[in-house]
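Structure file query02.pdb with PDB, C-alpha atoms:
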ATOM      1  CA  MET A   1     -60.913   4.438 -17.136
ATOM      2  CA  ARG A   2     -63.700   3.163 -19.381
ATOM      3  CA  TYR A   3     -63.524   0.050 -21.532
ATOM      4  CA  VAL A   4     -65.264  -0.954 -24.752
ATOM      5  CA  ASP A   5     -67.769  -3.796 -24.737
ATOM      6  CA  VAL A   6     -66.274  -6.215 -27.272
ATOM      7  CA  ASP A   7     -64.948  -9.758 -27.209
ATOM      8  CA  ALA A   8     -61.172  -9.355 -27.073
ATOM      9  CA  GLY A   9     -60.262 -12.826 -25.932
ATOM     10  CA  GLY A  10     -61.256 -12.202 -22.357
ATOM     11  CA  LYS A  11     -59.318  -8.950 -22.087
ATOM     12  CA  ARG A  12     -60.700  -5.435 -21.757
ATOM     13  CA  ILE A  13     -59.718  -2.737 -24.230
ATOM     14  CA  SER A  14     -59.349   0.666 -22.599
ATOM     15  CA  ALA A  15     -61.147   3.598 -24.198
ATOM     16  CA  VAL A  16     -57.836   5.464 -24.158
ATOM     17  CA  GLY A  17     -54.843   3.460 -25.282
ATOM     18  CA  LEU A  18     -51.244   4.466 -25.818
ATOM     19  CA  GLY A  19     -49.909   4.928 -29.328
ATOM     20  CA  THR A  20     -46.150   4.393 -29.535
ATOM     21  CA  TRP A  21     -45.181   5.598 -33.000
ATOM     22  CA  GLN A  22     -42.917   8.116 -31.278
ATOM     23  CA  PHE A  23     -40.949   5.373 -29.489
ATOM     24  CA  GLY A  24     -37.635   5.089 -31.326
ATOM     25  CA  ALA A  25     -38.833   6.949 -34.416
ATOM     26  CA  LYS A  26     -36.425   9.679 -35.479
ATOM     27  CA  GLU A  27     -39.111  11.590 -37.386
ATOM     28  CA  TRP A  28     -40.671  12.745 -34.110
ATOM     29  CA  GLY A  29     -37.359  14.105 -32.869
ATOM     30  CA  TYR A  30     -37.829  13.161 -29.208
ATOM     31  CA  GLY A  31     -34.278  11.874 -28.887
ATOM     32  CA  ALA A  32     -32.386   9.166 -27.024
ATOM     33  CA  ASP A  33     -33.311  10.436 -23.543
ATOM     34  CA  TYR A  34     -36.981   9.918 -24.365
ATOM     35  CA  ASP A  35     -36.428   6.458 -25.829
ATOM     36  CA  ASN A  36     -34.193   5.298 -22.978
ATOM     37  CA  GLY A  37     -36.072   6.792 -20.041
ATOM     38  CA  GLU A  38     -39.289   8.748 -20.518
ATOM     39  CA  ALA A  39     -40.909   6.080 -22.716
ATOM     40  CA  ALA A  40     -40.615   3.477 -19.962
ATOM     41  CA  ARG A  41     -41.998   5.903 -17.371
ATOM     42  CA  ILE A  42     -44.944   6.657 -19.654
ATOM     43  CA  VAL A  43     -45.735   2.962 -20.088
ATOM     44  CA  ARG A  44     -45.533   2.330 -16.344
ATOM     45  CA  ARG A  45     -47.808   5.261 -15.560
ATOM     46  CA  ALA A  46     -50.264   4.216 -18.268
ATOM     47  CA  LEU A  47     -50.587   0.798 -16.629
ATOM     48  CA  GLU A  48     -51.195   2.460 -13.255
ATOM     49  CA  LEU A  49     -53.981   4.564 -14.780
ATOM     50  CA  GLY A  50     -55.801   1.539 -16.191
ATOM     51  CA  VAL A  51     -54.628   1.710 -19.798
ATOM     52  CA  THR A  52     -54.690  -1.774 -21.309
ATOM     53  CA  LEU A  53     -54.207  -1.100 -25.039
ATOM     54  CA  PHE A  54     -50.644  -0.480 -26.215
ATOM     55  CA  ASP A  55     -50.300  -0.046 -29.971
ATOM     56  CA  THR A  56     -47.122  -0.252 -32.020
ATOM     57  CA  ALA A  57     -45.984  -1.476 -35.455
ATOM     58  CA  GLU A  58     -42.962  -3.088 -37.021
ATOM     59  CA  MET A  59     -42.406  -0.010 -39.193
ATOM     60  CA  TYR A  60     -42.240   2.429 -36.254
ATOM     61  CA  GLY A  61     -38.552   3.159 -35.930
ATOM     62  CA  PHE A  62     -37.939   0.039 -38.033
ATOM     63  CA  GLY A  63     -38.707  -2.224 -35.089
ATOM     64  CA  ARG A  64     -37.328   0.003 -32.334
ATOM     65  CA  SER A  65     -40.795   0.963 -31.092
ATOM     66  CA  GLU A  66     -41.660  -2.694 -30.529
ATOM     67  CA  ARG A  67     -38.396  -3.258 -28.656
ATOM     68  CA  ILE A  68     -38.837  -0.165 -26.468
ATOM     69  CA  LEU A  69     -42.447  -1.060 -25.662
ATOM     70  CA  GLY A  70     -41.596  -4.667 -24.850
ATOM     71  CA  THR A  71     -38.716  -3.635 -22.603
ATOM     72  CA  ALA A  72     -40.912  -1.069 -20.849
ATOM     73  CA  LEU A  73     -43.714  -3.559 -20.205
ATOM     74  CA  LYS A  74     -41.215  -6.024 -18.761
ATOM     75  CA  ALA A  75     -39.575  -3.371 -16.586
ATOM     76  CA  ALA A  76     -43.009  -2.366 -15.257
ATOM     77  CA  ASP A  77     -43.727  -6.010 -14.434
ATOM     78  CA  ALA A  78     -46.909  -5.683 -16.491
ATOM     79  CA  ASP A  79     -49.564  -8.359 -16.057
ATOM     80  CA  LEU A  80     -49.794  -9.503 -19.666
ATOM     81  CA  GLY A  81     -52.948 -11.380 -18.778
ATOM     82  CA  HIS A  82     -54.708  -8.011 -18.755
ATOM     83  CA  VAL A  83     -52.675  -6.020 -21.280
ATOM     84  CA  VAL A  84     -53.647  -5.865 -24.958
ATOM     85  CA  VAL A  85     -50.394  -5.736 -26.905
ATOM     86  CA  ALA A  86     -51.160  -4.653 -30.463
ATOM     87  CA  THR A  87     -48.781  -4.403 -33.382
ATOM     88  CA  LYS A  88     -49.007  -4.212 -37.159
ATOM     89  CA  ILE A  89     -47.408  -5.890 -40.144
ATOM     90  CA  PHE A  90     -46.201  -3.570 -42.871
ATOM     91  CA  PRO A  91     -47.891  -5.209 -45.865
ATOM     92  CA  ILE A  92     -45.334  -4.937 -48.649
ATOM     93  CA  PHE A  93     -45.937  -8.569 -49.634
ATOM     94  CA  PRO A  94     -48.533  -9.908 -47.156
ATOM     95  CA  VAL A  95     -48.917 -13.466 -48.414
ATOM     96  CA  ALA A  96     -49.513 -16.112 -45.769
ATOM     97  CA  PRO A  97     -45.897 -17.266 -45.193
ATOM     98  CA  VAL A  98     -44.661 -13.675 -44.905
ATOM     99  CA  VAL A  99     -47.429 -12.792 -42.442
ATOM    100  CA  GLU A 100     -46.420 -15.720 -40.266
ATOM    101  CA  GLN A 101     -42.724 -14.814 -40.452
ATOM    102  CA  ARG A 102     -43.271 -11.153 -39.620
ATOM    103  CA  ALA A 103     -45.473 -11.978 -36.621
ATOM    104  CA  VAL A 104     -42.736 -14.180 -35.178
ATOM    105  CA  ALA A 105     -40.249 -11.332 -35.635
ATOM    106  CA  SER A 106     -42.574  -8.798 -33.993
ATOM    107  CA  ALA A 107     -43.223 -11.093 -31.027
ATOM    108  CA  ALA A 108     -39.478 -11.514 -30.552
ATOM    109  CA  ARG A 109     -38.892  -7.756 -30.564
ATOM    110  CA  LEU A 110     -41.765  -7.270 -28.108
ATOM    111  CA  GLY A 111     -40.494 -10.081 -25.914
ATOM    112  CA  VAL A 112     -43.902 -11.785 -25.802
ATOM    113  CA  ARG A 113     -45.182 -15.220 -26.702
ATOM    114  CA  HIS A 114     -48.610 -13.936 -27.680
ATOM    115  CA  ILE A 115     -49.645 -10.885 -29.711
ATOM    116  CA  ASP A 116     -53.116  -9.940 -28.526
ATOM    117  CA  LEU A 117     -54.053  -7.928 -31.621
ATOM    118  CA  TYR A 118     -52.153  -8.350 -34.892
ATOM    119  CA  GLN A 119     -53.155  -5.838 -37.547
ATOM    120  CA  VAL A 120     -52.569  -5.329 -41.254
ATOM    121  CA  HIS A 121     -51.114  -1.826 -41.392
ATOM    122  CA  GLN A 122     -52.504  -0.936 -44.801
ATOM    123  CA  ALA A 123     -54.632  -2.615 -47.446
ATOM    124  CA  ASN A 124     -52.375  -3.956 -50.183
ATOM    125  CA  PRO A 125     -53.831  -2.980 -53.588
ATOM    126  CA  VAL A 126     -52.483  -6.086 -55.343
ATOM    127  CA  ILE A 127     -52.496  -8.878 -52.775
ATOM    128  CA  LYS A 128     -56.019  -9.476 -51.569
ATOM    129  CA  ASP A 129     -57.032 -10.548 -48.117
ATOM    130  CA  PRO A 130     -57.568 -14.313 -48.567
ATOM    131  CA  SER A 131     -53.804 -14.919 -48.667
ATOM    132  CA  THR A 132     -53.120 -12.525 -45.797
ATOM    133  CA  MET A 133     -55.857 -14.020 -43.658
ATOM    134  CA  ARG A 134     -54.605 -17.569 -44.256
ATOM    135  CA  GLY A 135     -51.461 -16.448 -42.494
ATOM    136  CA  MET A 136     -53.469 -14.846 -39.717
ATOM    137  CA  ASN A 137     -55.478 -18.031 -39.230
ATOM    138  CA  ALA A 138     -52.287 -20.077 -39.005
ATOM    139  CA  LEU A 139     -50.967 -17.700 -36.338
ATOM    140  CA  ARG A 140     -54.213 -17.976 -34.394
ATOM    141  CA  SER A 141     -54.198 -21.757 -34.580
ATOM    142  CA  VAL A 142     -50.765 -22.007 -32.935
ATOM    143  CA  GLY A 143     -51.625 -19.372 -30.319
ATOM    144  CA  LEU A 144     -49.147 -16.700 -31.386
ATOM    145  CA  VAL A 145     -51.952 -14.274 -32.263
ATOM    146  CA  GLY A 146     -55.217 -13.710 -30.421
ATOM    147  CA  GLN A 147     -57.335 -11.197 -32.334
ATOM    148  CA  VAL A 148     -56.901  -9.982 -35.900
ATOM    149  CA  GLY A 149     -57.305  -6.366 -36.938
ATOM    150  CA  VAL A 150     -56.797  -4.152 -39.963
ATOM    151  CA  SER A 151     -55.794  -0.554 -40.405
ATOM    152  CA  ASN A 152     -56.773   2.104 -42.938
ATOM    153  CA  TYR A 153     -59.358  -0.219 -44.507
ATOM    154  CA  SER A 154     -62.551   0.899 -46.188
ATOM    155  CA  LEU A 155     -65.740  -0.730 -44.950
ATOM    156  CA  GLU A 156     -65.903  -2.885 -48.081
ATOM    157  CA  ARG A 157     -62.341  -4.106 -47.564
ATOM    158  CA  TRP A 158     -62.959  -4.653 -43.823
ATOM    159  CA  LYS A 159     -65.908  -6.899 -44.651
ATOM    160  CA  ALA A 160     -63.826  -8.728 -47.253
ATOM    161  CA  ALA A 161     -61.119  -9.370 -44.665
ATOM    162  CA  ASP A 162     -63.798 -10.607 -42.281
ATOM    163  CA  ALA A 163     -65.048 -13.102 -44.844
ATOM    164  CA  ALA A 164     -61.527 -14.218 -45.721
ATOM    165  CA  LEU A 165     -60.633 -14.826 -42.076
ATOM    166  CA  GLY A 166     -63.848 -16.732 -41.419
ATOM    167  CA  ALA A 167     -64.015 -15.018 -38.030
ATOM    168  CA  PRO A 168     -64.465 -11.464 -36.777
ATOM    169  CA  VAL A 169     -61.735  -9.027 -37.750
ATOM    170  CA  LEU A 170     -62.021  -7.226 -34.456
ATOM    171  CA  SER A 171     -60.737  -3.772 -35.262
ATOM    172  CA  ASN A 172     -60.025  -1.206 -37.933
ATOM    173  CA  GLN A 173     -57.464   1.441 -37.048
ATOM    174  CA  VAL A 174     -58.143   4.610 -39.022
ATOM    175  CA  GLN A 175     -57.419   8.317 -38.979
ATOM    176  CA  TYR A 176     -60.274   9.848 -37.038
ATOM    177  CA  SER A 177     -60.609  13.167 -35.242
ATOM    178  CA  LEU A 178     -62.615  16.368 -35.268
ATOM    179  CA  ALA A 179     -60.409  17.348 -38.193
ATOM    180  CA  ARG A 180     -61.255  14.181 -40.129
ATOM    181  CA  THR A 181     -64.654  12.645 -39.492
ATOM    182  CA  ASP A 182     -64.999  10.286 -42.481
ATOM    183  CA  PRO A 183     -65.250   7.099 -40.336
ATOM    184  CA  GLU A 184     -68.627   8.271 -39.049
ATOM    185  CA  LYS A 185     -70.218   7.607 -42.437
ATOM    186  CA  ASP A 186     -69.929   3.824 -42.307
ATOM    187  CA  LEU A 187     -67.135   2.377 -40.172
ATOM    188  CA  ILE A 188     -68.527   3.392 -36.801
ATOM    189  CA  PRO A 189     -72.098   2.201 -37.497
ATOM    190  CA  PHE A 190     -70.654  -1.144 -38.652
ATOM    191  CA  ALA A 191     -68.493  -1.453 -35.535
ATOM    192  CA  ALA A 192     -71.377  -0.584 -33.218
ATOM    193  CA  ALA A 193     -73.743  -3.040 -34.881
ATOM    194  CA  ASN A 194     -71.237  -5.904 -34.907
ATOM    195  CA  ARG A 195     -69.287  -5.462 -31.650
ATOM    196  CA  ARG A 196     -66.143  -4.393 -33.454
ATOM    197  CA  VAL A 197     -63.774  -1.550 -32.631
ATOM    198  CA  VAL A 198     -62.700   1.553 -34.512
ATOM    199  CA  ILE A 199     -59.273   2.562 -33.219
ATOM    200  CA  ALA A 200     -58.682   6.255 -33.870
ATOM    201  CA  TRP A 201     -55.110   7.094 -34.772
ATOM    202  CA  SER A 202     -54.032  10.730 -34.774
ATOM    203  CA  PRO A 203     -57.108  11.603 -32.668
ATOM    204  CA  LEU A 204     -55.680  15.079 -32.040
ATOM    205  CA  ALA A 205     -54.692  15.589 -35.692
ATOM    206  CA  GLN A 206     -51.019  15.544 -34.683
ATOM    207  CA  GLY A 207     -51.616  18.375 -32.230
ATOM    208  CA  LEU A 208     -53.715  20.663 -34.436
ATOM    209  CA  LEU A 209     -56.636  20.260 -32.021
ATOM    210  CA  SER A 210     -54.519  21.259 -29.032
ATOM    211  CA  GLY A 211     -54.853  24.870 -30.169
ATOM    212  CA  ARG A 212     -51.125  25.497 -29.752
ATOM    213  CA  TYR A 213     -50.520  26.341 -33.399
ATOM    214  CA  THR A 214     -51.598  29.291 -35.532
ATOM    215  CA  ALA A 215     -50.730  30.581 -38.998
ATOM    216  CA  GLN A 216     -48.087  32.741 -37.298
ATOM    217  CA  LYS A 217     -46.861  29.936 -35.019
ATOM    218  CA  ARG A 218     -46.452  26.811 -37.111
ATOM    219  CA  PRO A 219     -44.396  23.699 -36.365
ATOM    220  CA  ARG A 220     -41.034  24.171 -38.048
ATOM    221  CA  SER A 221     -39.506  20.713 -37.730
ATOM    222  CA  GLY A 222     -40.390  17.070 -37.331
ATOM    223  CA  ILE A 223     -43.295  15.224 -38.810
ATOM    224  CA  ARG A 224     -45.811  18.006 -38.142
ATOM    225  CA  ALA A 225     -43.931  20.345 -40.461
ATOM    226  CA  MET A 226     -44.714  17.945 -43.311
ATOM    227  CA  ASN A 227     -48.412  17.691 -42.482
ATOM    228  CA  GLN A 228     -50.613  19.762 -44.781
ATOM    229  CA  LEU A 229     -52.974  20.513 -41.901
ATOM    230  CA  PHE A 230     -50.364  22.918 -40.569
ATOM    231  CA  LEU A 231     -50.253  25.095 -43.658
ATOM    232  CA  PRO A 232     -51.063  28.728 -42.735
ATOM    233  CA  GLU A 233     -54.260  28.595 -44.776
ATOM    234  CA  ASN A 234     -55.463  25.459 -43.004
ATOM    235  CA  LEU A 235     -54.606  26.829 -39.580
ATOM    236  CA  ASP A 236     -56.704  29.869 -40.424
ATOM    237  CA  ARG A 237     -59.538  27.633 -41.631
ATOM    238  CA  ALA A 238     -59.399  25.722 -38.339
ATOM    239  CA  GLY A 239     -60.105  28.890 -36.380
ATOM    240  CA  GLU A 240     -63.831  28.257 -35.883
ATOM    241  CA  LEU A 241     -63.304  24.658 -34.762
ATOM    242  CA  LEU A 242     -60.510  25.615 -32.379
ATOM    243  CA  GLY A 243     -62.661  28.425 -31.006
ATOM    244  CA  VAL A 244     -65.467  26.020 -30.131
ATOM    245  CA  LEU A 245     -62.957  23.610 -28.585
ATOM    246  CA  ARG A 246     -61.616  26.387 -26.370
ATOM    247  CA  GLU A 247     -65.103  27.469 -25.303
ATOM    248  CA  VAL A 248     -66.082  23.941 -24.283
ATOM    249  CA  ALA A 249     -62.723  23.384 -22.588
ATOM    250  CA  ASP A 250     -63.088  26.587 -20.567
ATOM    251  CA  ALA A 251     -66.577  25.555 -19.467
ATOM    252  CA  HIS A 252     -65.202  22.310 -18.014
ATOM    253  CA  GLY A 253     -61.841  23.583 -16.809
ATOM    254  CA  VAL A 254     -59.952  21.212 -19.126
ATOM    255  CA  THR A 255     -57.828  21.494 -22.252
ATOM    256  CA  PRO A 256     -58.960  21.580 -25.901
ATOM    257  CA  SER A 257     -57.133  18.288 -26.440
ATOM    258  CA  GLN A 258     -59.176  16.611 -23.725
ATOM    259  CA  VAL A 259     -62.390  17.895 -25.272
ATOM    260  CA  ALA A 260     -61.334  16.607 -28.704
ATOM    261  CA  LEU A 261     -60.696  13.146 -27.247
ATOM    262  CA  ALA A 262     -63.932  13.159 -25.246
ATOM    263  CA  TRP A 263     -65.885  14.008 -28.411
ATOM    264  CA  LEU A 264     -64.484  10.905 -30.103
ATOM    265  CA  LEU A 265     -65.158   8.709 -27.092
ATOM    266  CA  ARG A 266     -68.816   9.731 -27.124
ATOM    267  CA  ARG A 267     -69.110   7.572 -30.265
ATOM    268  CA  PRO A 268     -69.929   3.882 -29.749
ATOM    269  CA  ASN A 269     -67.126   1.318 -30.001
ATOM    270  CA  VAL A 270     -64.404   3.911 -30.511
ATOM    271  CA  VAL A 271     -61.066   3.905 -28.722
ATOM    272  CA  VAL A 272     -58.276   6.443 -29.148
ATOM    273  CA  ILE A 273     -54.517   5.896 -29.151
ATOM    274  CA  PRO A 274     -52.836   9.282 -28.751
ATOM    275  CA  GLY A 275     -49.110   9.327 -28.234
ATOM    276  CA  ALA A 276     -47.557  11.042 -25.253
ATOM    277  CA  SER A 277     -44.380  13.086 -25.100
ATOM    278  CA  SER A 278     -44.467  13.280 -21.295
ATOM    279  CA  LEU A 279     -46.161  11.911 -18.196
ATOM    280  CA  ALA A 280     -48.270  15.060 -17.967
ATOM    281  CA  GLN A 281     -49.564  14.602 -21.509
ATOM    282  CA  LEU A 282     -50.345  10.948 -20.854
ATOM    283  CA  GLU A 283     -52.304  11.797 -17.701
ATOM    284  CA  SER A 284     -54.213  14.511 -19.538
ATOM    285  CA  ASN A 285     -55.127  12.101 -22.344
ATOM    286  CA  VAL A 286     -56.309   9.406 -19.951
ATOM    287  CA  ALA A 287     -58.418  11.890 -17.975
ATOM    288  CA  ALA A 288     -60.400  12.605 -21.140
ATOM    289  CA  ALA A 289     -62.081   9.196 -20.773
ATOM    290  CA  ASP A 290     -63.980  10.551 -17.765
ATOM    291  CA  LEU A 291     -64.946  13.890 -19.292
ATOM    292  CA  VAL A 292     -68.691  14.066 -19.957
ATOM    293  CA  LEU A 293     -69.746  16.606 -22.569
ATOM    294  CA  GLU A 294     -73.252  18.026 -22.833
ATOM    295  CA  ASP A 295     -75.335  17.148 -25.888
ATOM    296  CA  THR A 296     -75.286  20.803 -26.939
ATOM    297  CA  GLU A 297     -71.493  20.834 -26.750
ATOM    298  CA  ILE A 298     -71.254  17.662 -28.823
ATOM    299  CA  ALA A 299     -73.552  19.226 -31.412
ATOM    300  CA  ALA A 300     -71.565  22.476 -31.562
ATOM    301  CA  LEU A 301     -68.311  20.584 -32.043
ATOM    302  CA  THR A 302     -69.859  18.380 -34.719
ATOM    303  CA  VAL A 303     -71.097  21.387 -36.680
ATOM    304  CA  ALA A 304     -67.726  23.119 -36.424
ATOM    305  CA  ALA A 305     -65.957  19.950 -37.558
ATOM    306  CA  ALA A 306     -68.222  19.691 -40.607
ATOM    307  CA  ARG A 307     -67.370  23.271 -41.555
ATOM    308  CA  PHE A 308     -63.614  22.683 -41.373
ATOM    309  CA  THR A 309     -62.491  22.003 -44.934
ATOM    310  CA  PRO A 310     -58.695  21.989 -45.077
ATOM    311  CA  ARG A 311     -56.853  22.213 -48.353
ATOM    312  CA  THR A 312     -55.064  18.883 -48.803
ATOM    313  CA  GLY A 313     -53.729  16.616 -51.525
ATOM    314  CA  ALA A 314     -52.405  17.955 -54.814
ATOM    315  CA  ARG A 315     -54.185  21.289 -54.308
ATOM    316  CA  ALA A 316     -52.047  21.957 -51.246
ATOM    317  CA  VAL A 317     -48.656  21.166 -52.814
ATOM    318  CA  PRO A 318     -47.846  24.726 -54.009
ATOM    319  CA  ALA A 319     -48.655  26.111 -50.574
ATOM    320  CA  MET A 320     -46.528  23.386 -48.972
ATOM    321  CA  VAL A 321     -43.564  24.387 -51.123
ATOM    322  CA  ARG A 322     -44.003  28.048 -50.203
ATOM    323  CA  ALA A 323     -44.268  27.193 -46.513
ATOM    324  CA  ARG A 324     -41.065  25.157 -46.637
ATOM    325  CA  ARG A 325     -39.238  28.082 -48.219
ATOM    326  CA  SER A 326     -40.505  30.666 -45.758
TER
END
Would you write out, as structure tokens, the structure that this file holds?
Amino acid sequence: MRYVDVDAGGKRISAVGLGTWQFGAKEWGYGADYDNGEAARIVRRALELGVTLFDTAEMYGFGRSERILGTALKAADADLGHVVVATKIFPIFPVAPVVEQRAVASAARLGVRHIDLYQVHQANPVIKDPSTMRGMNALRSVGLVGQVGVSNYSLERWKAADAALGAPVLSNQVQYSLARTDPEKDLIPFAAANRRVVIAWSPLAQGLLSGRYTAQKRPRSGIRAMNQLFLPENLDRAGELLGVLREVADAHGVTPSQVALAWLLRRPNVVVIPGASSLAQLESNVAAADLVLEDTEIAALTVAAARFTPRTGARAVPAMVRARRS
């Protein structure tokens, strides 16, 4: 396992973390057997493989993800002195007193006395960061929170949060993958220059980059079925990118998913938090941290990613309706 070179309160952040949105969340459709058994086995194995970053949020399964993760860490007898437990406040009304209250509730569900990384899940368009960060500072002063992070913030808003906190906002968790490379414009240079971290959520574009899906073989249920990336037109448009992924994967004897993760991890100060539906998927994700791609392969993937222009937003709604009816 590799680790990023940032100041995380004396702890090391693994290049590959474990995202736990799927823990207890009905929209993924993994079921009770996964929540009550496989999730704990995945957490235990992740610890054995050197994973230190475990990311959850109060909105995942309406708190169930935090409970499942906390129970799993306890069952694995995890050394919390080395683990980075990260969760997120859902910022409906993120004024200071609410931030403090929600952190206490998250810590209780996780069964911990200290949240290593407490993140604002989304920038609130009405309530600005000074009020939110007053709450974060209060949590830091009493030792309930170690590092502060944000999620889905623009660079301008990240800097504003930084100024409001009066201390480094360590991380910004954003959607980042070969299918969505926007963070490379400004977030990653800022993180690299200031010893911050970009945490890539959905680093495999919810499985698009695994190469398992085509216009003729689309996901029919669960959260993927609602993702515009899996429209037939977009799956066709992804053909060139998936072709390059397969070529590079074949050259290294690995999977397209591992190549997609390795491409991200070639960027400075980037960590990824893919979920895992099984032990095998977890082990495959973690192995990507040690995959070294050639410069020519990185370049080919970058060019293919730039050429992938999926139809999304309002323009994709008619196609989404047709796909749901088919």
Taking the file as I've supplied it (selection: the PyMOL selection byres ((chain A and resi 281-292) around 6)), which residues are included? Please answer as a ChimeraX atom specification. /A:16,258,262,276,278-280,293
Output C-alpha atoms for every residue in that selection, as an mmCIF file, keeping the file's coordinate frame.
data_model
loop_
_atom_site.group_PDB
_atom_site.id
_atom_site.type_symbol
_atom_site.label_atom_id
_atom_site.label_comp_id
_atom_site.auth_asym_id
_atom_site.auth_seq_id
_atom_site.Cartn_x
_atom_site.Cartn_y
_atom_site.Cartn_z
ATOM 1 C CA VAL A 16 -57.836 5.464 -24.158
ATOM 2 C CA GLN A 258 -59.176 16.611 -23.725
ATOM 3 C CA ALA A 262 -63.932 13.159 -25.246
ATOM 4 C CA ALA A 276 -47.557 11.042 -25.253
ATOM 5 C CA SER A 278 -44.467 13.280 -21.295
ATOM 6 C CA LEU A 279 -46.161 11.911 -18.196
ATOM 7 C CA ALA A 280 -48.270 15.060 -17.967
ATOM 8 C CA LEU A 293 -69.746 16.606 -22.569
#
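The residue set within 10 Å of A:Val126, counting only C-alpha atoms and dropping same-chain residues fewer than 3 places from it, reads Ile92, Phe93, Pro94, Ala123 and Asp129 of chain A.
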May I have the residues within 10 Å of A:Pro268 as a PyMOL selection string, using all atoms listed in the file and disregarding those fewer than 4 positions away in the same chain? chain A and resi 4-5+188-189+191-193+195-198+264
Could you list, as a compact mmCIF listing (two decimals) with C-alpha atoms, keeping the file's coordinate frame, every residue matched by the PyMOL selection byres ((chain A and resi 200) around 6) in this structure?
# COMPACT_ATOMS: atom_id res chain seq x y z
CA GLN A 173 -57.46 1.44 -37.05
CA VAL A 174 -58.14 4.61 -39.02
CA GLN A 175 -57.42 8.32 -38.98
CA TYR A 176 -60.27 9.85 -37.04
CA ILE A 199 -59.27 2.56 -33.22
CA TRP A 201 -55.11 7.09 -34.77
CA PRO A 203 -57.11 11.60 -32.67
CA VAL A 272 -58.28 6.44 -29.15
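Atom CA of A:Pro310 lies 6.7 Å from atom CA of A:Leu229.
Separating atom CA of A:Val104 from atom CA of A:His121 is a distance of 16.2 Å.
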Output of the PyMOL selection byres ((chain A and resi 170) around 9), listed as number ranges by chain: A: 6-8, 117, 147-150, 162, 167-169, 171-172, 191, 195-198
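Proximity to A:Thr302 was assessed for A:Ser177, A:Arg224, A:Asp186, A:Phe230 counting all atoms listed in the file; the smallest distance is recorded for A:Ser177.
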What's around A:Tyr3 at 6 Å? Count only C-alpha atoms, leave out sequence neighbours fewer than 2 positions away in its own chain, and write the answer as a PDB file with C-alpha atoms, keeping the file's coordinate frame.
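The resulting part-v8.pdb:
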ATOM      1  CA  ILE A  13     -59.718  -2.737 -24.230  1.00  0.00           C
ATOM      2  CA  SER A  14     -59.349   0.666 -22.599  1.00  0.00           C
ATOM      3  CA  ALA A  15     -61.147   3.598 -24.198  1.00  0.00           C
TER       4      ALA A  15
END
Please report the interatomic distance between atom CA of A:Glu58 and atom CA of A:Gln119 in Å with one decimal. 10.6 Å
Distance query A:Ala103 at most 8 Å, all atoms listed in the file, self and fewer than 4 positions along chain excluded, as a compact mmCIF listing (two decimals) with C-alpha atoms, in the frame of the given file:
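Contents of result-v5.txt, as written:
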# COMPACT_ATOMS: atom_id res chain seq x y z
CA ILE A 89 -47.41 -5.89 -40.14
CA VAL A 99 -47.43 -12.79 -42.44
CA ALA A 107 -43.22 -11.09 -31.03
CA TYR A 118 -52.15 -8.35 -34.89
CA LEU A 139 -50.97 -17.70 -36.34
CA LEU A 144 -49.15 -16.70 -31.39
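Each of A:Val83, A:Ala249, A:Leu261, A:Leu155 was checked against A:Ser202 using all atoms listed in the file; the smallest atom-to-atom distance is that of A:Leu261.
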Show me as a VMD selection string the residues that reach within 8 Å of (-42.8, 7.3, -22.7), counting all atoms listed in the file and using the file's own coordinates. chain A and resid 23 34 to 35 37 to 43 276 to 279
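Distances here use all atoms listed in the file; by that measure, the residue among A:Ile298, A:Ala138, A:Val248, A:Ala215 closest to A:Pro232 is A:Ala215.
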I need the residue nearest A:Phe54 from this list: A:Val271, A:Val95, A:Val145, A:Met133. Use all atoms listed in the file for the distance. A:Val271
